[in-house]
$ cat structure20.csv   # CSV, C-alpha atoms
chain,number,residue,atom,x,y,z
A,1,MET,CA,28.5,3.1,5.7
A,2,ARG,CA,26.2,5.0,7.9
A,3,GLN,CA,25.7,4.2,11.5
A,4,GLY,CA,23.5,1.1,11.8
A,5,GLY,CA,25.2,-0.8,8.9
A,6,THR,CA,23.2,0.7,6.0
A,7,PRO,CA,25.5,1.5,3.1
A,8,THR,CA,25.4,5.1,1.9
A,9,GLY,CA,24.1,5.6,-1.6
A,10,VAL,CA,21.8,2.6,-1.4
A,11,PRO,CA,18.3,3.9,-1.7
A,12,GLN,CA,15.9,2.7,1.0
A,13,PRO,CA,12.4,1.9,-0.1
A,14,ARG,CA,9.8,4.6,0.9
A,15,PRO,CA,6.9,3.4,3.0
A,16,THR,CA,4.6,4.3,0.1
A,17,ASP,CA,6.4,1.9,-2.2
A,18,ARG,CA,6.3,-1.0,0.3
A,19,PHE,CA,2.7,-0.5,1.2
A,20,ALA,CA,1.6,-0.2,-2.5
A,21,GLU,CA,3.3,-3.5,-3.3
A,22,MET,CA,1.7,-5.2,-0.2
A,23,LEU,CA,-1.8,-3.9,-1.0
A,24,VAL,CA,-1.5,-5.0,-4.6
A,25,ALA,CA,-0.4,-8.5,-3.4
A,26,VAL,CA,-3.5,-8.8,-1.1
A,27,LEU,CA,-6.0,-7.3,-3.6
A,28,SER,CA,-4.8,-9.6,-6.4
A,29,GLY,CA,-5.0,-12.7,-4.3
A,30,GLN,CA,-1.2,-13.3,-4.2
A,31,ARG,CA,-1.2,-12.9,-0.4
A,32,PRO,CA,-3.9,-13.5,2.2
A,33,VAL,CA,-5.6,-10.4,3.6
A,34,HIS,CA,-4.3,-11.3,7.1
A,35,ALA,CA,-0.8,-10.5,5.8
A,36,MET,CA,-1.9,-6.8,6.3
A,37,LEU,CA,-3.2,-7.3,9.9
A,38,ARG,CA,-0.1,-5.9,11.7
A,39,HIS,CA,0.4,-3.3,8.9
A,40,SER,CA,-3.0,-1.7,9.2
A,41,ALA,CA,-5.0,0.3,11.8
A,42,GLY,CA,-8.5,1.4,12.4
A,43,GLN,CA,-11.1,0.5,9.8
A,44,ALA,CA,-8.5,0.0,7.0
A,45,TYR,CA,-8.3,-3.7,7.8
A,46,ASP,CA,-12.0,-4.1,7.6
A,47,GLU,CA,-12.0,-2.3,4.2
A,48,LEU,CA,-9.2,-4.6,3.0
A,49,ILE,CA,-11.3,-7.6,3.9
A,50,ARG,CA,-14.2,-6.3,1.9
A,51,LEU,CA,-12.0,-5.4,-1.1
A,52,ALA,CA,-10.1,-8.7,-1.0
A,53,GLU,CA,-13.3,-10.8,-1.0
A,54,ARG,CA,-14.2,-9.2,-4.4
A,55,GLY,CA,-10.6,-9.8,-5.7
A,56,PRO,CA,-10.6,-6.5,-7.6
A,57,LEU,CA,-7.1,-6.9,-8.9
A,58,ARG,CA,-7.2,-10.6,-9.8
A,59,THR,CA,-6.5,-11.2,-13.5
A,60,ARG,CA,-6.3,-14.2,-15.8
A,61,GLY,CA,-3.4,-12.7,-17.7
A,62,ALA,CA,-0.7,-10.3,-16.6
A,63,ARG,CA,0.1,-10.0,-12.9
A,64,PRO,CA,-0.8,-6.5,-11.5
A,65,VAL,CA,2.1,-4.2,-11.0
A,66,VAL,CA,2.5,-0.8,-9.4
A,67,ARG,CA,3.3,1.6,-12.3
A,68,ASP,CA,3.5,4.9,-10.5
A,69,ILE,CA,3.1,6.3,-7.0
A,70,GLY,CA,2.5,9.8,-5.8
A,71,TRP,CA,2.0,11.2,-2.3
A,72,PHE,CA,1.2,14.2,-0.2
A,73,VAL,CA,2.2,14.8,3.4
A,74,PRO,CA,-0.7,16.6,5.1
A,75,ARG,CA,1.1,16.7,8.4
A,76,GLU,CA,4.1,15.1,10.2
A,77,GLY,CA,3.5,11.4,10.5
A,78,ALA,CA,0.9,11.0,7.8
A,79,ILE,CA,1.1,10.3,4.1
A,80,GLU,CA,-1.7,10.2,1.6
A,81,ALA,CA,-0.7,8.3,-1.5
A,82,PHE,CA,-2.1,7.2,-4.8
A,83,ALA,CA,-0.8,4.5,-7.1
A,84,ARG,CA,-1.6,3.5,-10.7
A,85,ILE,CA,-1.9,-0.3,-10.9
A,86,GLY,CA,-1.5,-1.9,-14.3
A,87,ALA,CA,-2.4,-5.4,-15.5
A,88,GLY,CA,-2.0,-6.0,-19.2
A,89,ASP,CA,-4.0,-3.1,-20.9
A,90,ARG,CA,-6.0,-2.4,-17.7
A,91,LEU,CA,-5.2,0.5,-15.4
A,92,ARG,CA,-6.7,1.0,-11.9
A,93,ALA,CA,-6.2,3.7,-9.3
A,94,MET,CA,-5.6,3.0,-5.7
A,95,ALA,CA,-5.4,5.5,-2.8
A,96,PHE,CA,-4.2,4.8,0.7
A,97,ARG,CA,-3.3,6.7,3.8
A,98,LEU,CA,-0.3,5.8,6.1
A,99,GLU,CA,0.2,7.0,9.6
A,100,ARG,CA,3.2,6.6,11.8
A,101,GLY,CA,2.4,5.2,15.2
A,102,ARG,CA,4.2,5.9,18.5
A,103,ASP,CA,6.3,2.9,17.8
A,104,LEU,CA,7.5,4.7,14.6
A,105,ARG,CA,6.0,2.0,12.3
A,106,TRP,CA,3.9,3.0,9.4
A,107,ARG,CA,0.4,1.5,9.2
A,108,CYS,CA,-2.3,1.8,6.5
A,109,THR,CA,-5.3,3.6,7.9
A,110,ALA,CA,-7.4,3.9,4.8
A,111,VAL,CA,-7.6,2.3,1.3
A,112,GLU,CA,-9.7,2.9,-1.8
A,113,LEU,CA,-9.6,1.3,-5.2
A,114,GLY,CA,-10.9,3.0,-8.4
A,115,GLY,CA,-12.5,1.2,-11.3
A,116,PRO,CA,-10.8,-0.1,-14.5
A,117,ARG,CA,-9.8,2.4,-17.2
$ encode --input "structure20.csv" --output "structure tokens"
Amino acid sequence: MRQGGTPTGVPQPRPTDRFAEMLVAVLSGQRPVHAMLRHSAGQAYDELIRLAERGPLRTRGARPVVRDIGWFVPREGAIEAFARIGAGDRLRAMAFRLERGRDLRWRCTAVELGGPR
């Protein structure tokens, strides 16, 4: 075990993975948008409200899932990520930016959603 009680060899989820799942849950209507309030900063929360009202990932069939995630680190404490979101035979693209605050917590500072493919 490592210091702090975390077993070695157990992969810890990356912030990109966690945030992609949280964003999909909000944009598909599985969770309310206010679930992202403490996980977002700046205008990202306002954009999430606008996106969530339209319910862009709501489906009548298969529940949307994160199929793939990629990221780029433009500077220390910032991650720009993209995710492919699948629901049945539909595929959507989602991009988001995470920034680490002084409290060392990651927050979403931007989010965009591409159209169906």
$ closest_residue --input "structure20.csv" --among "A:Arg58, A:Arg92, A:Arg75, A:Arg97" --to "Ser40 of chain A" --atoms "only C-alpha atoms"
A:Arg97
$ closest_residue --input "structure20.csv" --among "A:Pro15, A:Arg63, A:Asp89, A:Glu99" --to "Glu76 of chain A" --atoms "only C-alpha atoms"
A:Glu99
$ atom_distance --input "structure20.csv" --atom1 "atom CA of Met36 of chain A" --atom2 "atom CA of Ile49 of chain A"
9.7 Å
$ atom_distance --input "structure20.csv" --atom1 "atom CA of Arg14 of chain A" --atom2 "atom CA of Leu27 of chain A"
20.3 Å
$ residues_near_point --input "structure20.csv" --point "(2.6, 1.4, -0.1)" --cutoff "10 Å" --atoms "all atoms listed in the file" --output "list in words"
Pro13, Arg14, Pro15, Thr16, Asp17, Arg18, Phe19, Ala20, Glu21, Met22, Leu23, Val24, Val66, Ile69, Ile79, Glu80, Ala81, Phe82, Ala83, Ala95, Phe96, Arg97, Leu98, Trp106, Arg107 and Cys108 of chain A
$ atom_distance --input "structure20.csv" --atom1 "atom CA of Glu53 of chain A" --atom2 "atom CA of Arg105 of chain A"
26.7 Å
$ decode --input "structure20.csv" --residues "chain A" --atoms "C-alpha atoms" --output "PDB file, in the first residue's frame"
ATOM      1  CA  MET A   1       0.000   0.000   0.000  1.00  0.00           C
ATOM      2  CA  ARG A   2       1.059   3.532  -0.643  1.00  0.00           C
ATOM      3  CA  GLN A   3       0.969   6.215   1.997  1.00  0.00           C
ATOM      4  CA  GLY A   4      -2.635   7.328   2.477  1.00  0.00           C
ATOM      5  CA  GLY A   5      -4.105   3.836   2.217  1.00  0.00           C
ATOM      6  CA  THR A   6      -4.366   3.583  -1.590  1.00  0.00           C
ATOM      7  CA  PRO A   7      -3.312   0.107  -2.730  1.00  0.00           C
ATOM      8  CA  THR A   8      -0.517   0.064  -5.277  1.00  0.00           C
ATOM      9  CA  GLY A   9      -1.444  -1.390  -8.625  1.00  0.00           C
ATOM     10  CA  VAL A  10      -5.046  -0.169  -8.405  1.00  0.00           C
ATOM     11  CA  PRO A  11      -5.498   2.383 -11.184  1.00  0.00           C
ATOM     12  CA  GLN A  12      -6.994   5.654 -10.023  1.00  0.00           C
ATOM     13  CA  PRO A  13      -9.534   7.269 -12.369  1.00  0.00           C
ATOM     14  CA  ARG A  14      -8.163  10.205 -14.308  1.00  0.00           C
ATOM     15  CA  PRO A  15     -10.005  13.513 -13.921  1.00  0.00           C
ATOM     16  CA  THR A  16     -10.899  13.343 -17.632  1.00  0.00           C
ATOM     17  CA  ASP A  17     -12.695  10.019 -17.118  1.00  0.00           C
ATOM     18  CA  ARG A  18     -14.633  11.225 -14.084  1.00  0.00           C
ATOM     19  CA  PHE A  19     -15.677  14.498 -15.700  1.00  0.00           C
ATOM     20  CA  ALA A  20     -16.688  12.867 -18.988  1.00  0.00           C
ATOM     21  CA  GLU A  21     -19.002  10.510 -17.069  1.00  0.00           C
ATOM     22  CA  MET A  22     -20.461  13.364 -14.989  1.00  0.00           C
ATOM     23  CA  LEU A  23     -21.061  15.521 -18.079  1.00  0.00           C
ATOM     24  CA  VAL A  24     -22.778  12.658 -19.926  1.00  0.00           C
ATOM     25  CA  ALA A  25     -25.015  12.015 -16.917  1.00  0.00           C
ATOM     26  CA  VAL A  26     -26.105  15.682 -16.845  1.00  0.00           C
ATOM     27  CA  LEU A  27     -26.511  16.108 -20.609  1.00  0.00           C
ATOM     28  CA  SER A  28     -28.546  12.895 -20.891  1.00  0.00           C
ATOM     29  CA  GLY A  29     -30.901  13.848 -18.062  1.00  0.00           C
ATOM     30  CA  GLN A  30     -29.686  11.105 -15.702  1.00  0.00           C
ATOM     31  CA  ARG A  31     -28.517  13.744 -13.196  1.00  0.00           C
ATOM     32  CA  PRO A  32     -29.672  17.325 -12.607  1.00  0.00           C
ATOM     33  CA  VAL A  33     -27.435  20.114 -13.897  1.00  0.00           C
ATOM     34  CA  HIS A  34     -26.866  21.433 -10.380  1.00  0.00           C
ATOM     35  CA  ALA A  35     -24.841  18.248  -9.747  1.00  0.00           C
ATOM     36  CA  MET A  36     -22.054  20.044 -11.659  1.00  0.00           C
ATOM     37  CA  LEU A  37     -22.250  23.281  -9.666  1.00  0.00           C
ATOM     38  CA  ARG A  38     -19.260  22.592  -7.424  1.00  0.00           C
ATOM     39  CA  HIS A  39     -17.406  20.841 -10.272  1.00  0.00           C
ATOM     40  CA  SER A  40     -17.484  23.776 -12.690  1.00  0.00           C
ATOM     41  CA  ALA A  41     -16.114  27.298 -12.801  1.00  0.00           C
ATOM     42  CA  GLY A  42     -16.604  30.442 -14.831  1.00  0.00           C
ATOM     43  CA  GLN A  43     -19.083  30.302 -17.681  1.00  0.00           C
ATOM     44  CA  ALA A  44     -18.958  26.509 -17.959  1.00  0.00           C
ATOM     45  CA  TYR A  45     -21.901  26.125 -15.578  1.00  0.00           C
ATOM     46  CA  ASP A  46     -23.999  28.592 -17.611  1.00  0.00           C
ATOM     47  CA  GLU A  47     -23.169  26.644 -20.767  1.00  0.00           C
ATOM     48  CA  LEU A  48     -24.121  23.388 -19.058  1.00  0.00           C
ATOM     49  CA  ILE A  49     -27.485  24.875 -18.105  1.00  0.00           C
ATOM     50  CA  ARG A  50     -28.118  25.844 -21.748  1.00  0.00           C
ATOM     51  CA  LEU A  51     -27.025  22.450 -23.042  1.00  0.00           C
ATOM     52  CA  ALA A  52     -28.951  20.472 -20.406  1.00  0.00           C
ATOM     53  CA  GLU A  53     -32.198  22.320 -21.212  1.00  0.00           C
ATOM     54  CA  ARG A  54     -31.987  20.964 -24.759  1.00  0.00           C
ATOM     55  CA  GLY A  55     -31.208  17.448 -23.504  1.00  0.00           C
ATOM     56  CA  PRO A  56     -28.743  16.759 -26.316  1.00  0.00           C
ATOM     57  CA  LEU A  57     -27.830  13.266 -25.135  1.00  0.00           C
ATOM     58  CA  ARG A  58     -31.303  12.084 -24.142  1.00  0.00           C
ATOM     59  CA  THR A  59     -32.309   8.966 -26.020  1.00  0.00           C
ATOM     60  CA  ARG A  60     -35.289   6.664 -26.080  1.00  0.00           C
ATOM     61  CA  GLY A  61     -33.138   3.579 -26.531  1.00  0.00           C
ATOM     62  CA  ALA A  62     -29.615   2.892 -25.417  1.00  0.00           C
ATOM     63  CA  ARG A  63     -28.181   4.938 -22.563  1.00  0.00           C
ATOM     64  CA  PRO A  64     -25.294   7.175 -23.710  1.00  0.00           C
ATOM     65  CA  VAL A  65     -21.834   5.940 -22.749  1.00  0.00           C
ATOM     66  CA  VAL A  66     -18.330   7.346 -23.020  1.00  0.00           C
ATOM     67  CA  ARG A  67     -16.609   5.279 -25.701  1.00  0.00           C
ATOM     68  CA  ASP A  68     -13.240   7.001 -25.906  1.00  0.00           C
ATOM     69  CA  ILE A  69     -11.398   9.891 -24.273  1.00  0.00           C
ATOM     70  CA  GLY A  70      -8.360  11.824 -25.413  1.00  0.00           C
ATOM     71  CA  TRP A  71      -6.649  14.803 -23.856  1.00  0.00           C
ATOM     72  CA  PHE A  72      -3.945  17.406 -24.235  1.00  0.00           C
ATOM     73  CA  VAL A  73      -2.129  19.242 -21.437  1.00  0.00           C
ATOM     74  CA  PRO A  74      -1.512  22.814 -22.706  1.00  0.00           C
ATOM     75  CA  ARG A  75       0.075  23.856 -19.401  1.00  0.00           C
ATOM     76  CA  GLU A  76       0.483  22.670 -15.833  1.00  0.00           C
ATOM     77  CA  GLY A  77      -2.934  22.554 -14.138  1.00  0.00           C
ATOM     78  CA  ALA A  78      -5.021  22.498 -17.338  1.00  0.00           C
ATOM     79  CA  ILE A  79      -6.377  19.655 -19.466  1.00  0.00           C
ATOM     80  CA  GLU A  80      -8.251  19.971 -22.752  1.00  0.00           C
ATOM     81  CA  ALA A  81     -10.177  16.779 -23.402  1.00  0.00           C
ATOM     82  CA  PHE A  82     -12.471  15.240 -25.979  1.00  0.00           C
ATOM     83  CA  ALA A  83     -14.773  12.269 -25.663  1.00  0.00           C
ATOM     84  CA  ARG A  84     -16.743  10.177 -28.112  1.00  0.00           C
ATOM     85  CA  ILE A  85     -20.209   9.528 -26.724  1.00  0.00           C
ATOM     86  CA  GLY A  86     -22.201   6.618 -28.108  1.00  0.00           C
ATOM     87  CA  ALA A  87     -25.875   5.787 -27.773  1.00  0.00           C
ATOM     88  CA  GLY A  88     -27.006   2.931 -29.948  1.00  0.00           C
ATOM     89  CA  ASP A  89     -25.809   3.680 -33.476  1.00  0.00           C
ATOM     90  CA  ARG A  90     -25.390   7.419 -32.771  1.00  0.00           C
ATOM     91  CA  LEU A  91     -22.019   8.956 -32.028  1.00  0.00           C
ATOM     92  CA  ARG A  92     -21.483  12.461 -30.601  1.00  0.00           C
ATOM     93  CA  ALA A  93     -18.360  14.439 -29.815  1.00  0.00           C
ATOM     94  CA  MET A  94     -17.866  16.322 -26.568  1.00  0.00           C
ATOM     95  CA  ALA A  95     -14.979  18.640 -25.694  1.00  0.00           C
ATOM     96  CA  PHE A  96     -14.260  20.085 -22.275  1.00  0.00           C
ATOM     97  CA  ARG A  97     -11.526  21.911 -20.404  1.00  0.00           C
ATOM     98  CA  LEU A  98     -10.482  21.182 -16.836  1.00  0.00           C
ATOM     99  CA  GLU A  99      -8.437  23.482 -14.643  1.00  0.00           C
ATOM    100  CA  ARG A 100      -6.980  22.723 -11.243  1.00  0.00           C
ATOM    101  CA  GLY A 101      -7.766  25.347  -8.607  1.00  0.00           C
ATOM    102  CA  ARG A 102      -5.674  26.507  -5.706  1.00  0.00           C
ATOM    103  CA  ASP A 103      -7.469  23.897  -3.615  1.00  0.00           C
ATOM    104  CA  LEU A 104      -6.045  21.261  -6.041  1.00  0.00           C
ATOM    105  CA  ARG A 105      -9.550  20.233  -7.196  1.00  0.00           C
ATOM    106  CA  TRP A 106     -10.271  19.929 -10.898  1.00  0.00           C
ATOM    107  CA  ARG A 107     -13.169  21.976 -12.285  1.00  0.00           C
ATOM    108  CA  CYS A 108     -14.742  22.109 -15.722  1.00  0.00           C
ATOM    109  CA  THR A 109     -14.214  25.567 -17.233  1.00  0.00           C
ATOM    110  CA  ALA A 110     -15.608  24.949 -20.744  1.00  0.00           C
ATOM    111  CA  VAL A 111     -17.784  22.381 -22.481  1.00  0.00           C
ATOM    112  CA  GLU A 112     -18.952  21.917 -26.081  1.00  0.00           C
ATOM    113  CA  LEU A 113     -21.016  19.220 -27.729  1.00  0.00           C
ATOM    114  CA  GLY A 114     -20.870  18.283 -31.404  1.00  0.00           C
ATOM    115  CA  GLY A 115     -23.764  17.025 -33.493  1.00  0.00           C
ATOM    116  CA  PRO A 116     -24.815  13.428 -34.230  1.00  0.00           C
ATOM    117  CA  ARG A 117     -22.824  11.313 -36.674  1.00  0.00           C
TER     118      ARG A 117
END
